[in-house]
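File shown: structure.txt. Contents: compact mmCIF, C-alpha atoms.
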# COMPACT_ATOMS: atom_id res chain seq x y z
CA MET A 50 99.50 16.76 97.50
CA SER A 51 96.48 16.83 95.21
CA LEU A 52 93.49 19.12 95.47
CA LYS A 53 91.59 16.18 96.94
CA ALA A 54 94.07 15.82 99.82
CA PHE A 55 94.22 19.58 100.42
CA HIS A 56 90.43 19.75 100.44
CA ILE A 57 90.30 17.07 103.14
CA VAL A 58 92.79 19.10 105.21
CA PHE A 59 90.68 22.22 104.61
CA VAL A 60 87.43 20.55 105.65
CA THR A 61 89.12 19.10 108.76
CA VAL A 62 90.42 22.53 109.78
CA SER A 63 86.97 24.03 109.08
CA VAL A 64 85.36 21.45 111.38
CA LEU A 65 87.88 22.36 114.09
CA LEU A 66 87.08 26.04 113.56
CA MET A 67 83.37 25.32 114.05
CA PHE A 68 84.20 23.59 117.35
CA VAL A 69 86.26 26.62 118.40
CA VAL A 70 83.41 28.97 117.50
CA ALA A 71 80.94 26.74 119.37
CA GLY A 72 83.22 26.73 122.44
CA TRP A 73 83.58 30.50 122.22
CA ASN A 74 79.80 30.95 122.09
CA PHE A 75 79.15 28.51 124.94
CA GLY A 76 81.81 30.33 126.99
CA ASN A 77 80.00 33.62 126.38
CA TYR A 78 76.71 32.00 127.34
CA ARG A 79 78.22 30.75 130.60
CA ASP A 80 79.51 34.24 131.41
CA SER A 81 76.53 36.36 130.40
CA GLY A 82 73.55 34.01 130.09
CA THR A 83 72.57 35.57 126.75
CA SER A 84 70.39 33.05 124.94
CA MET A 85 71.66 34.09 121.48
CA ASP A 86 75.12 32.87 122.46
CA LEU A 87 73.62 29.46 123.20
CA VAL A 88 71.79 29.47 119.86
CA TRP A 89 74.97 30.38 117.93
CA GLY A 90 76.88 27.72 119.82
CA VAL A 91 74.37 25.07 118.73
CA VAL A 92 74.40 26.43 115.15
CA SER A 93 78.22 26.13 115.12
CA LEU A 94 78.01 22.51 116.28
CA LEU A 95 75.44 21.79 113.56
CA ALA A 96 77.77 23.41 111.00
CA ALA A 97 80.58 21.14 112.23
CA ALA A 98 78.29 18.11 111.83
CA VAL A 99 77.28 19.19 108.31
CA LEU A 100 80.93 19.62 107.34
CA MET A 101 81.80 16.16 108.71
CA ILE A 102 78.96 14.57 106.73
CA TYR A 103 80.07 16.50 103.65
CA GLY A 104 83.65 15.27 104.20
CA LYS A 105 82.48 11.68 104.30
CA LEU A 106 80.42 12.10 101.11
CA PHE A 107 83.36 13.84 99.45
CA LEU A 108 85.69 10.94 100.27
CA ARG A 109 83.18 8.50 98.82
CA LYS A 110 82.75 10.54 95.61
CA PHE A 111 86.50 11.09 95.15
CA LYS A 112 87.67 7.63 96.15
CA ASN A 113 89.29 7.03 92.74
CA VAL A 114 91.31 10.28 92.81
CA SER A 115 94.95 10.19 93.97
CA TYR A 116 96.11 11.93 97.15
CA LEU A 117 99.34 12.88 95.38
CA MET B 1243 109.89 23.37 71.75
CA GLU B 1244 107.67 21.23 73.91
CA ILE B 1245 107.98 21.55 77.68
CA PRO B 1246 107.95 18.09 79.27
CA TYR B 1247 105.73 17.04 82.19
CA THR B 1248 103.06 19.71 81.69
CA VAL B 1249 100.47 16.94 81.75
CA LYS B 1250 102.12 13.73 82.89
CA PRO B 1251 103.88 13.48 86.26
CA ARG B 1252 107.65 13.84 86.42
CA PRO B 1253 109.30 10.53 87.23
CA ASP B 1254 111.43 12.07 90.01
CA THR B 1255 108.71 13.96 91.94
CA GLY B 1256 105.63 12.05 90.86
CA LEU B 1257 103.93 15.39 90.15
CA TYR B 1258 103.43 17.43 86.97
CA ASN B 1259 105.41 20.66 86.74
CA ALA B 1260 102.65 23.07 87.67
CA LYS B 1261 101.87 21.19 90.87
CA VAL B 1262 105.49 21.31 91.97
CA GLY B 1263 105.49 25.02 91.15
CA ILE B 1264 102.32 25.88 93.06
CA TRP B 1265 103.48 24.04 96.17
CA LEU B 1266 106.82 25.88 96.12
CA PHE B 1267 104.87 29.12 95.78
CA LEU B 1268 102.49 28.18 98.61
CA ALA B 1269 105.49 27.35 100.81
CA SER B 1270 106.70 30.93 100.34
CA GLU B 1271 103.18 32.17 101.11
CA VAL B 1272 103.15 30.20 104.37
CA MET B 1273 106.32 32.07 105.38
CA LEU B 1274 104.78 35.42 104.43
CA PHE B 1275 101.55 34.93 106.38
CA GLY B 1276 103.43 33.08 109.13
CA ALA B 1277 105.51 36.20 109.72
CA PHE B 1278 102.38 38.33 110.09
CA PHE B 1279 100.72 35.84 112.44
CA SER B 1280 103.91 35.85 114.53
CA ALA B 1281 103.89 39.66 114.57
CA TYR B 1282 100.25 39.61 115.68
CA ILE B 1283 101.01 37.23 118.57
CA LEU B 1284 104.02 39.28 119.72
CA LEU B 1285 102.09 42.56 119.58
CA ARG B 1286 99.23 41.05 121.45
CA VAL B 1287 101.11 39.32 124.26
CA THR B 1288 103.18 42.45 124.93
CA ALA B 1289 100.10 44.72 125.14
CA ASP B 1290 99.06 45.91 128.59
CA HIS B 1291 96.09 44.33 130.32
CA GLY B 1292 93.12 46.64 130.59
CA PHE B 1293 90.11 48.04 128.83
CA TRP B 1294 90.97 49.86 125.63
CA PRO B 1295 90.71 52.83 125.06
CA ASP B 1296 90.86 53.66 128.79
CA VAL B 1297 94.26 51.95 128.80
CA ALA B 1298 95.83 53.38 125.64
CA THR B 1299 98.44 50.60 125.47
CA GLY B 1300 95.82 47.89 126.03
CA TRP B 1301 94.60 45.57 123.30
CA PRO B 1302 91.24 46.39 121.68
CA HIS B 1303 88.71 43.56 121.79
CA GLY B 1304 85.33 43.10 120.16
CA LEU B 1305 85.64 45.95 117.67
CA LEU B 1306 85.05 43.77 114.63
CA ASN B 1307 81.65 42.67 113.43
CA ILE B 1308 81.51 38.96 114.31
CA PRO B 1309 78.28 38.08 112.40
CA ILE B 1310 79.75 39.61 109.22
CA GLY B 1311 83.05 37.81 109.77
CA THR B 1312 81.18 34.54 110.31
CA PHE B 1313 79.16 35.08 107.14
CA ASN B 1314 82.34 35.75 105.17
CA THR B 1315 83.84 32.54 106.61
CA ALA B 1316 80.82 30.60 105.34
CA VAL B 1317 81.18 32.28 101.93
CA LEU B 1318 84.82 31.20 101.62
CA ILE B 1319 84.17 27.64 102.82
CA SER B 1320 81.39 27.37 100.21
CA SER B 1321 83.72 28.65 97.50
CA SER B 1322 86.29 25.98 98.39
CA VAL B 1323 83.63 23.31 97.99
CA THR B 1324 82.56 24.65 94.59
CA VAL B 1325 86.12 24.96 93.26
CA VAL B 1326 86.67 21.25 94.02
CA MET B 1327 83.36 20.42 92.36
CA ALA B 1328 84.45 22.42 89.30
CA TRP B 1329 87.65 20.36 89.10
CA MET B 1330 85.69 17.13 89.52
CA ALA B 1331 83.26 18.19 86.77
CA LEU B 1332 86.19 18.52 84.36
CA ARG B 1333 87.47 15.07 85.32
CA GLU B 1334 83.98 13.82 84.42
CA ASN B 1335 84.16 15.68 81.08
CA ASN B 1336 81.25 17.90 82.07
CA PHE B 1337 82.32 21.38 80.96
CA PRO B 1338 78.98 23.25 81.54
CA LYS B 1339 78.92 21.96 85.12
CA PHE B 1340 82.53 23.08 85.58
CA ARG B 1341 81.70 26.57 84.37
CA ASN B 1342 78.69 26.91 86.68
CA PHE B 1343 80.70 25.86 89.72
CA MET B 1344 83.57 28.15 88.75
CA ILE B 1345 81.28 31.15 88.24
CA PHE B 1346 79.74 30.49 91.66
CA THR B 1347 83.25 30.41 93.15
CA VAL B 1348 84.11 33.76 91.59
CA ILE B 1349 80.82 35.26 92.83
CA CYS B 1350 81.68 34.07 96.36
CA ALA B 1351 85.12 35.69 96.06
CA LEU B 1352 83.65 39.00 94.90
CA GLY B 1353 80.96 38.82 97.59
CA PHE B 1354 83.65 38.36 100.21
CA LEU B 1355 85.52 41.43 98.95
CA VAL B 1356 82.39 43.60 98.81
CA ILE B 1357 81.50 42.68 102.41
CA LYS B 1358 85.09 43.35 103.50
CA THR B 1359 84.96 46.77 101.83
CA PHE B 1360 81.88 47.70 103.87
CA GLU B 1361 83.64 46.49 107.01
CA TYR B 1362 86.65 48.69 106.23
CA LYS B 1363 84.43 51.70 105.55
CA GLU B 1364 82.71 51.25 108.90
CA LYS B 1365 86.11 51.27 110.62
CA PHE B 1366 87.26 54.41 108.79
CA GLY B 1367 84.22 56.23 110.21
CA HIS B 1368 84.68 54.88 113.74
CA TYR B 1369 86.75 57.05 116.10
CA VAL B 1370 88.60 56.97 119.37
CA ILE B 1371 88.32 60.32 121.12
CA ARG B 1372 90.62 61.25 124.01
CA LEU B 1373 89.49 64.16 126.15
CA ASN B 1374 91.62 66.67 128.05
CA ASP B 1375 90.37 65.27 131.38
CA GLY B 1376 92.03 61.92 130.58
CA LYS B 1377 88.83 60.09 129.63
CA ALA B 1378 88.55 58.21 126.35
CA LEU B 1379 85.60 57.03 124.32
CA THR B 1380 84.81 55.46 120.98
CA GLY B 1381 81.99 56.16 118.55
CA HIS B 1382 80.82 57.59 115.27
CA LEU B 1383 80.66 61.29 114.42
CA ASP B 1384 77.38 62.75 113.28
CA VAL B 1385 78.00 65.75 111.03
CA ASN B 1386 74.75 66.92 109.41
CA GLY B 1387 73.44 63.36 109.46
CA LYS B 1388 76.56 61.94 107.82
CA SER B 1389 79.35 59.87 109.32
CA PRO B 1390 82.62 61.35 108.02
CA LEU B 1391 85.65 59.16 107.32
CA PHE B 1392 89.32 59.70 108.23
CA TRP B 1393 88.78 62.87 110.25
CA THR B 1394 91.33 64.13 112.73
CA LEU B 1395 91.21 66.94 115.27
CA ASP B 1396 92.90 69.15 112.66
CA THR B 1397 90.06 68.42 110.20
CA VAL B 1398 87.50 69.45 112.81
CA LYS B 1399 89.38 72.69 113.54
CA GLU B 1400 89.82 73.47 109.82
CA LYS B 1401 86.06 73.21 109.40
CA GLY B 1402 85.59 75.69 112.25
CA LEU B 1403 83.38 73.37 114.30
CA GLU B 1404 83.06 74.26 117.98
CA SER B 1405 81.38 71.03 119.04
CA LEU B 1406 80.89 67.53 117.71
CA LYS B 1407 77.83 65.32 117.88
CA VAL B 1408 79.10 61.85 118.72
CA GLN B 1409 77.24 58.54 118.88
CA VAL B 1410 79.28 57.23 121.78
CA ASP B 1411 79.56 53.42 121.90
CA ILE B 1412 78.14 51.64 124.90
CA PRO B 1413 80.80 48.89 125.01
CA ASN B 1414 79.34 45.43 124.63
CA LYS B 1415 80.59 42.43 126.61
CA TYR B 1416 83.05 41.46 123.85
CA ARG B 1417 84.96 44.69 124.39
CA PHE B 1418 86.18 43.59 127.81
CA PRO B 1419 89.34 41.46 128.11
CA VAL B 1420 89.03 37.94 129.53
CA GLY B 1421 88.87 38.00 133.31
CA MET B 1422 87.72 41.61 133.51
CA HIS B 1423 84.41 42.42 135.16
CA VAL B 1424 81.72 43.48 132.69
CA PRO B 1425 79.57 46.25 134.23
CA GLU B 1426 75.93 45.39 134.78
CA GLU B 1427 74.97 48.53 132.84
CA THR B 1428 76.59 47.02 129.74
CA HIS B 1429 74.32 43.95 129.84
CA ARG B 1430 71.24 46.06 130.61
CA ALA B 1431 71.86 48.61 127.85
CA HIS B 1432 72.40 46.01 125.15
CA ALA B 1433 69.47 43.91 126.36
CA GLU B 1434 67.32 47.03 125.92
CA GLY B 1435 68.75 47.55 122.43
CA ARG B 1436 70.79 50.63 123.39
CA HIS B 1437 74.18 50.51 121.66
CA HIS B 1438 74.99 54.23 121.56
CA ASP B 1439 74.60 57.36 123.62
CA ASP B 1440 74.29 60.61 121.68
CA ARG B 1441 76.57 63.25 123.14
CA GLU B 1442 77.68 66.76 122.19
CA ILE B 1443 81.38 67.24 122.88
CA LYS B 1444 83.13 70.62 122.78
CA VAL B 1445 86.10 70.61 120.42
CA ALA B 1446 88.10 72.53 123.05
CA ASP B 1447 87.72 69.52 125.38
CA ILE B 1448 89.17 67.07 122.84
CA GLU B 1449 92.84 66.15 123.07
CA SER B 1450 92.89 63.80 120.06
CA LEU B 1451 90.51 62.36 117.50
CA LYS B 1452 91.59 59.36 115.46
CA ALA B 1453 89.71 57.06 113.11
CA PHE B 1454 90.21 53.29 113.33
CA ILE B 1455 93.09 53.31 110.85
CA PRO B 1456 96.50 51.55 110.97
CA SER B 1457 98.33 54.50 112.59
CA THR B 1458 95.87 54.67 115.50
CA HIS B 1459 96.86 51.45 117.28
CA PRO B 1460 99.03 48.37 116.59
CA PHE B 1461 95.84 46.30 116.54
CA PHE B 1462 94.50 48.24 113.56
CA ALA B 1463 97.93 48.18 111.91
CA ILE B 1464 98.17 44.38 112.02
CA TYR B 1465 94.44 43.88 111.35
CA PHE B 1466 94.45 46.00 108.20
CA THR B 1467 97.80 44.63 107.00
CA MET B 1468 96.75 40.99 107.35
CA THR B 1469 93.22 41.33 106.04
CA PHE B 1470 94.27 43.61 103.16
CA LEU B 1471 97.02 41.20 102.15
CA HIS B 1472 94.51 38.37 102.35
CA GLY B 1473 92.02 40.44 100.34
CA LEU B 1474 94.63 40.95 97.62
CA HIS B 1475 95.05 37.18 97.44
CA VAL B 1476 91.28 36.75 97.17
CA LEU B 1477 91.20 39.31 94.35
CA GLY B 1478 94.13 37.65 92.56
CA GLY B 1479 92.52 34.23 92.94
CA ALA B 1480 89.17 35.55 91.68
CA ILE B 1481 90.82 37.04 88.57
CA VAL B 1482 92.63 33.76 87.77
CA LEU B 1483 89.53 31.61 88.37
CA ALA B 1484 87.39 33.98 86.28
CA TYR B 1485 90.00 33.71 83.51
CA PHE B 1486 89.70 29.92 83.65
CA ALA B 1487 85.91 30.14 83.56
CA PHE B 1488 85.72 32.45 80.54
CA VAL B 1489 88.82 33.36 78.52
CA GLY B 1490 91.01 30.36 79.23
CA THR B 1491 88.52 27.74 78.10
CA LYS B 1492 90.14 27.46 74.65
CA LEU B 1493 92.70 25.14 76.21
CA TRP B 1494 89.90 22.74 77.17
CA LYS B 1495 89.29 22.11 73.45
CA THR B 1496 92.94 21.52 72.54
CA SER B 1497 94.36 19.94 75.71
CA PRO B 1498 91.67 18.99 78.23
CA GLU B 1499 94.10 17.24 80.56
CA GLN B 1500 96.35 20.28 80.82
CA PHE B 1501 93.31 22.51 81.41
CA THR B 1502 92.10 20.18 84.19
CA ASN B 1503 95.55 20.39 85.78
CA ARG B 1504 95.38 24.18 85.66
CA ILE B 1505 92.07 24.09 87.49
CA GLU B 1506 93.62 21.85 90.13
CA VAL B 1507 96.51 24.27 90.59
CA GLY B 1508 94.10 27.22 90.79
CA GLY B 1509 92.04 25.24 93.29
CA LEU B 1510 95.11 24.58 95.44
CA PHE B 1511 95.85 28.33 95.59
CA TRP B 1512 92.22 29.06 96.37
CA HIS B 1513 92.23 26.54 99.21
CA PHE B 1514 95.34 28.13 100.64
CA VAL B 1515 93.70 31.57 100.58
CA ASP B 1516 90.63 30.17 102.32
CA LEU B 1517 92.76 28.32 104.87
CA VAL B 1518 94.50 31.58 105.80
CA TRP B 1519 91.07 33.08 106.51
CA ILE B 1520 90.09 30.06 108.62
CA PHE B 1521 93.02 30.96 110.91
CA LEU B 1522 92.60 34.73 110.57
CA PHE B 1523 88.93 34.77 111.57
CA PRO B 1524 89.20 33.32 115.09
CA VAL B 1525 92.50 35.07 115.82
CA VAL B 1526 91.37 38.56 114.83
CA TYR B 1527 87.60 38.48 115.38
CA LEU B 1528 87.02 36.15 118.32
CA LEU B 1529 90.05 36.08 120.62
Mind turning this structure into structure tokens?
Amino acid sequence: MSLKAFHIVFVTVSVLLMFVVAGWNFGNYRDSGTSMDLVWGVVSLLAAAVLMIYGKLFLRKFKNVSYL
Amino acid sequence: MEIPYTVKPRPDTGLYNAKVGIWLFLASEVMLFGAFFSAYILLRVTADHGFWPDVATGWPHGLLNIPIGTFNTAVLISSSVTVVMAWMALRENNFPKFRNFMIFTVICALGFLVIKTFEYKEKFGHYVIRLNDGKALTGHLDVNGKSPLFWTLDTVKEKGLESLKVQVDIPNKYRFPVGMHVPEETHRAHAEGRHHDDREIKVADIESLKAFIPSTHPFFAIYFTMTFLHGLHVLGGAIVLAYFAFVGTKLWKTSPEQFTNRIEVGGLFWHFVDLVWIFLFPVVYLL
């Protein structure tokens, strides 16, 4: 597996982490109603979106590099 | 004697030697960290349900600084991006760009370690105090305006102190296990910005005084073991990447393809180290 392939795995796992963090924050907001939890939840979702866009750009830039 | 397949892929594996080597090494690393993650899960699921430290055998929650952990996560994700960009810069024959990205990666690694050091220091000055009446509390000691590290009850007695000023934690909502009622006072105090209560505690009333160190609770034992082991990997990775950025660049002039392969191998290790943190962060900080 090349660095390109491992980086795609890494970015995918990072996106999943951002969803987990967002879910964790929204869960806290549901339980306590603290507005900062809601803000951090939205920020986590935005981070996930940024990472997904980055992943797409990365694939385009590295399209000539082998996955092996 | 020339070693074959240092640059070109081996016909049997389709990979050059160093890539086969790093993946074998990373496989052993997966087993190492996998064992610690398994230990963490077993310790956690066998812990009693209840609010720690009231329930001494309960599992501590919410003791780690989540904003700092989140920031460190962002630092490591950024460093993974820049290490790939450094590799790509070499493939494009752009050495100055490679060096800039690599230096940024090393700065991220060192930044991560500096932040982690401050986190550790904060824990070494944070205490769980059990009183003779069975009550337990957590907080920081205030000795002449300083917060001492690694103290025990013996240290306090050796210094001849009769009482201790303690900034007692007002537990925040994260300190309570899932499904446990969070007292209204907790929400009110933190909404008002009150995180501590200053109290004077007689030494004669204290049964035990322990800092947040590995011997205090299995949580701290596994937390420090895993994060310290991870920190050692970050340090090792930073040293290797810094070597590539500065000392090892001679190889770029004589064998650019081999140098580029080395950067790829270094990048693979660095991604593994970052991936471990991506799992470590939610498991230790959030859950």
How close does chain A get to chain B? List, as JSON lines, each residue of chain A within 7 Å, its nearest atom pair and the distance in Å to one decimal, counting all atoms listed in the file.
{"residue": "A:Leu52", "atom": "CA", "partner": "B:Leu1510", "partner_atom": "CA", "distance": 5.7}
{"residue": "A:Phe59", "atom": "CA", "partner": "B:Leu1517", "partner_atom": "CA", "distance": 6.5}
{"residue": "A:Ser63", "atom": "CA", "partner": "B:Ile1520", "partner_atom": "CA", "distance": 6.8}
- Task: May I have the residues within 10 Å of B:Phe1486 as a list in words, using only C-alpha atoms and disregarding those fewer than 5 positions away in the same chain?
- Result: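 Final neighbour list, sorted by chain and number: Arg1341, Met1344, Ile1345, Ala1480, Ile1481, Thr1491, Lys1492, Leu1493, Trp1494, Phe1501, Arg1504, Ile1505 and Gly1508 of chain B.
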- Item | Distance query B:Glu1427 at most 12 Å, all atoms listed in the file, self and fewer than 6 positions along chain excluded, as a ChimeraX atom specification | /B:1412-1415,1433-1434,1436-1437
Same residues, C-alpha atoms, saved as a PDB file, in the coordinates of the input:
ATOM      1  CA  ILE B1412      78.140  51.640 124.900  1.00  0.00           C
ATOM      2  CA  PRO B1413      80.800  48.890 125.010  1.00  0.00           C
ATOM      3  CA  ASN B1414      79.340  45.430 124.630  1.00  0.00           C
ATOM      4  CA  LYS B1415      80.590  42.430 126.610  1.00  0.00           C
ATOM      5  CA  ALA B1433      69.470  43.910 126.360  1.00  0.00           C
ATOM      6  CA  GLU B1434      67.320  47.030 125.920  1.00  0.00           C
ATOM      7  CA  ARG B1436      70.790  50.630 123.390  1.00  0.00           C
ATOM      8  CA  HIS B1437      74.180  50.510 121.660  1.00  0.00           C
TER       9      HIS B1437
END
- Excluding same-chain residues fewer than 6 positions from B:Leu1274, what lies within 12 Å of it counting all atoms listed in the file, as a PyMOL selection string? chain B and resi 1267-1268+1280-1281+1467-1468+1471-1472+1518
The selected residues should be written to file as an mmCIF file, in the frame of the given file (atoms: C-alpha atoms).
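That gives us selection-v7.cif:
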data_model
loop_
_atom_site.group_PDB
_atom_site.id
_atom_site.type_symbol
_atom_site.label_atom_id
_atom_site.label_comp_id
_atom_site.auth_asym_id
_atom_site.auth_seq_id
_atom_site.Cartn_x
_atom_site.Cartn_y
_atom_site.Cartn_z
ATOM 1 C CA PHE B 1267 104.870 29.120 95.780
ATOM 2 C CA LEU B 1268 102.490 28.180 98.610
ATOM 3 C CA SER B 1280 103.910 35.850 114.530
ATOM 4 C CA ALA B 1281 103.890 39.660 114.570
ATOM 5 C CA THR B 1467 97.800 44.630 107.000
ATOM 6 C CA MET B 1468 96.750 40.990 107.350
ATOM 7 C CA LEU B 1471 97.020 41.200 102.150
ATOM 8 C CA HIS B 1472 94.510 38.370 102.350
ATOM 9 C CA VAL B 1518 94.500 31.580 105.800
#
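Between atom CA of B:Ile1371 and atom CA of B:Ile1464 the interatomic distance comes to 20.8 Å.
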- Spatial neighbours of stretch 88-94 of chain A, 8 Å, only C-alpha atoms, chain gap at least 4 places, as a list of chain:residue names: A:Met67, A:Phe68, A:Val70, A:Ala71, A:Gly72, A:Trp73, A:Asn74, A:Phe75, A:Ser84, A:Ala98
- Query: Could you work out how far atom CA of B:Pro1425 lies from atom CA of B:Trp1301, giving the answer in Å with one decimal?
  - Reply: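 Computed distance, atom CA of B:Trp1301 to atom CA of B:Pro1425, equals 18.6 Å.
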- Query: If you count only C-alpha atoms, which residues fall within 10 Å of A:Ser115, apart from same-chain ones fewer than 4 positions away, as number ranges by chain?
  - Reply: A: 50-54, 111
For those residues, write C-alpha atoms to a file as a PDB file, in the coordinates of the input.
ATOM      1  CA  MET A  50      99.500  16.760  97.500  1.00  0.00           C
ATOM      2  CA  SER A  51      96.480  16.830  95.210  1.00  0.00           C
ATOM      3  CA  LEU A  52      93.490  19.120  95.470  1.00  0.00           C
ATOM      4  CA  LYS A  53      91.590  16.180  96.940  1.00  0.00           C
ATOM      5  CA  ALA A  54      94.070  15.820  99.820  1.00  0.00           C
ATOM      6  CA  PHE A 111      86.500  11.090  95.150  1.00  0.00           C
TER       7      PHE A 111
END
- Given the choices B:Phe1488, B:Trp1512, B:Phe1462, B:Phe1366, which gets closest to B:Pro1338 if the distance is worked out from only C-alpha atoms? B:Phe1488
- Do you have the atom CA of B:Arg1372-atom CA of B:Asp1296 distance handy? 9.0 Å
- In terms of the shortest atom-to-atom distance over all atoms listed in the file, which of B:Phe1313, B:Tyr1465, B:Trp1519, B:Trp1393 is closest to B:Ile1357?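 The answer is B:Phe1313, which sits nearest to B:Ile1357.
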How would stretch 1306-1324 of chain B look with N, CA and C atoms restored, written as a compact mmCIF listing (two decimals), keeping the file's coordinate frame?
# COMPACT_ATOMS: atom_id res chain seq x y z
N LEU B 1306 85.41 44.26 115.97
CA LEU B 1306 85.05 43.77 114.63
C LEU B 1306 83.67 43.13 114.67
N ASN B 1307 83.01 43.17 113.53
CA ASN B 1307 81.65 42.67 113.43
C ASN B 1307 81.67 41.14 113.25
N ILE B 1308 81.38 40.42 114.34
CA ILE B 1308 81.51 38.96 114.31
C ILE B 1308 80.49 38.30 113.37
N PRO B 1309 79.20 38.71 113.36
CA PRO B 1309 78.28 38.08 112.40
C PRO B 1309 78.74 38.23 110.95
N ILE B 1310 79.27 39.42 110.60
CA ILE B 1310 79.75 39.61 109.22
C ILE B 1310 80.97 38.73 108.96
N GLY B 1311 81.87 38.66 109.93
CA GLY B 1311 83.05 37.81 109.77
C GLY B 1311 82.66 36.34 109.63
N THR B 1312 81.65 35.92 110.39
CA THR B 1312 81.18 34.54 110.31
C THR B 1312 80.57 34.27 108.94
N PHE B 1313 79.77 35.24 108.46
CA PHE B 1313 79.16 35.08 107.14
C PHE B 1313 80.24 34.95 106.06
N ASN B 1314 81.26 35.81 106.16
CA ASN B 1314 82.34 35.75 105.17
C ASN B 1314 83.09 34.42 105.24
N THR B 1315 83.20 33.86 106.45
CA THR B 1315 83.84 32.54 106.61
C THR B 1315 83.02 31.49 105.86
N ALA B 1316 81.70 31.55 106.03
CA ALA B 1316 80.82 30.60 105.34
C ALA B 1316 80.94 30.76 103.82
N VAL B 1317 81.05 32.01 103.38
CA VAL B 1317 81.18 32.28 101.93
C VAL B 1317 82.45 31.62 101.39
N LEU B 1318 83.56 31.76 102.10
CA LEU B 1318 84.82 31.20 101.62
C LEU B 1318 84.82 29.67 101.69
N ILE B 1319 84.24 29.10 102.74
CA ILE B 1319 84.17 27.64 102.82
C ILE B 1319 83.34 27.10 101.64
N SER B 1320 82.22 27.79 101.35
CA SER B 1320 81.39 27.37 100.21
C SER B 1320 82.17 27.44 98.90
N SER B 1321 82.98 28.49 98.75
CA SER B 1321 83.72 28.65 97.50
C SER B 1321 84.77 27.55 97.34
N SER B 1322 85.31 27.07 98.47
CA SER B 1322 86.29 25.98 98.39
C SER B 1322 85.60 24.69 97.93
N VAL B 1323 84.38 24.50 98.40
CA VAL B 1323 83.63 23.31 97.99
C VAL B 1323 83.36 23.38 96.48
N THR B 1324 82.93 24.56 96.00
CA THR B 1324 82.56 24.65 94.59
C THR B 1324 83.78 24.57 93.66
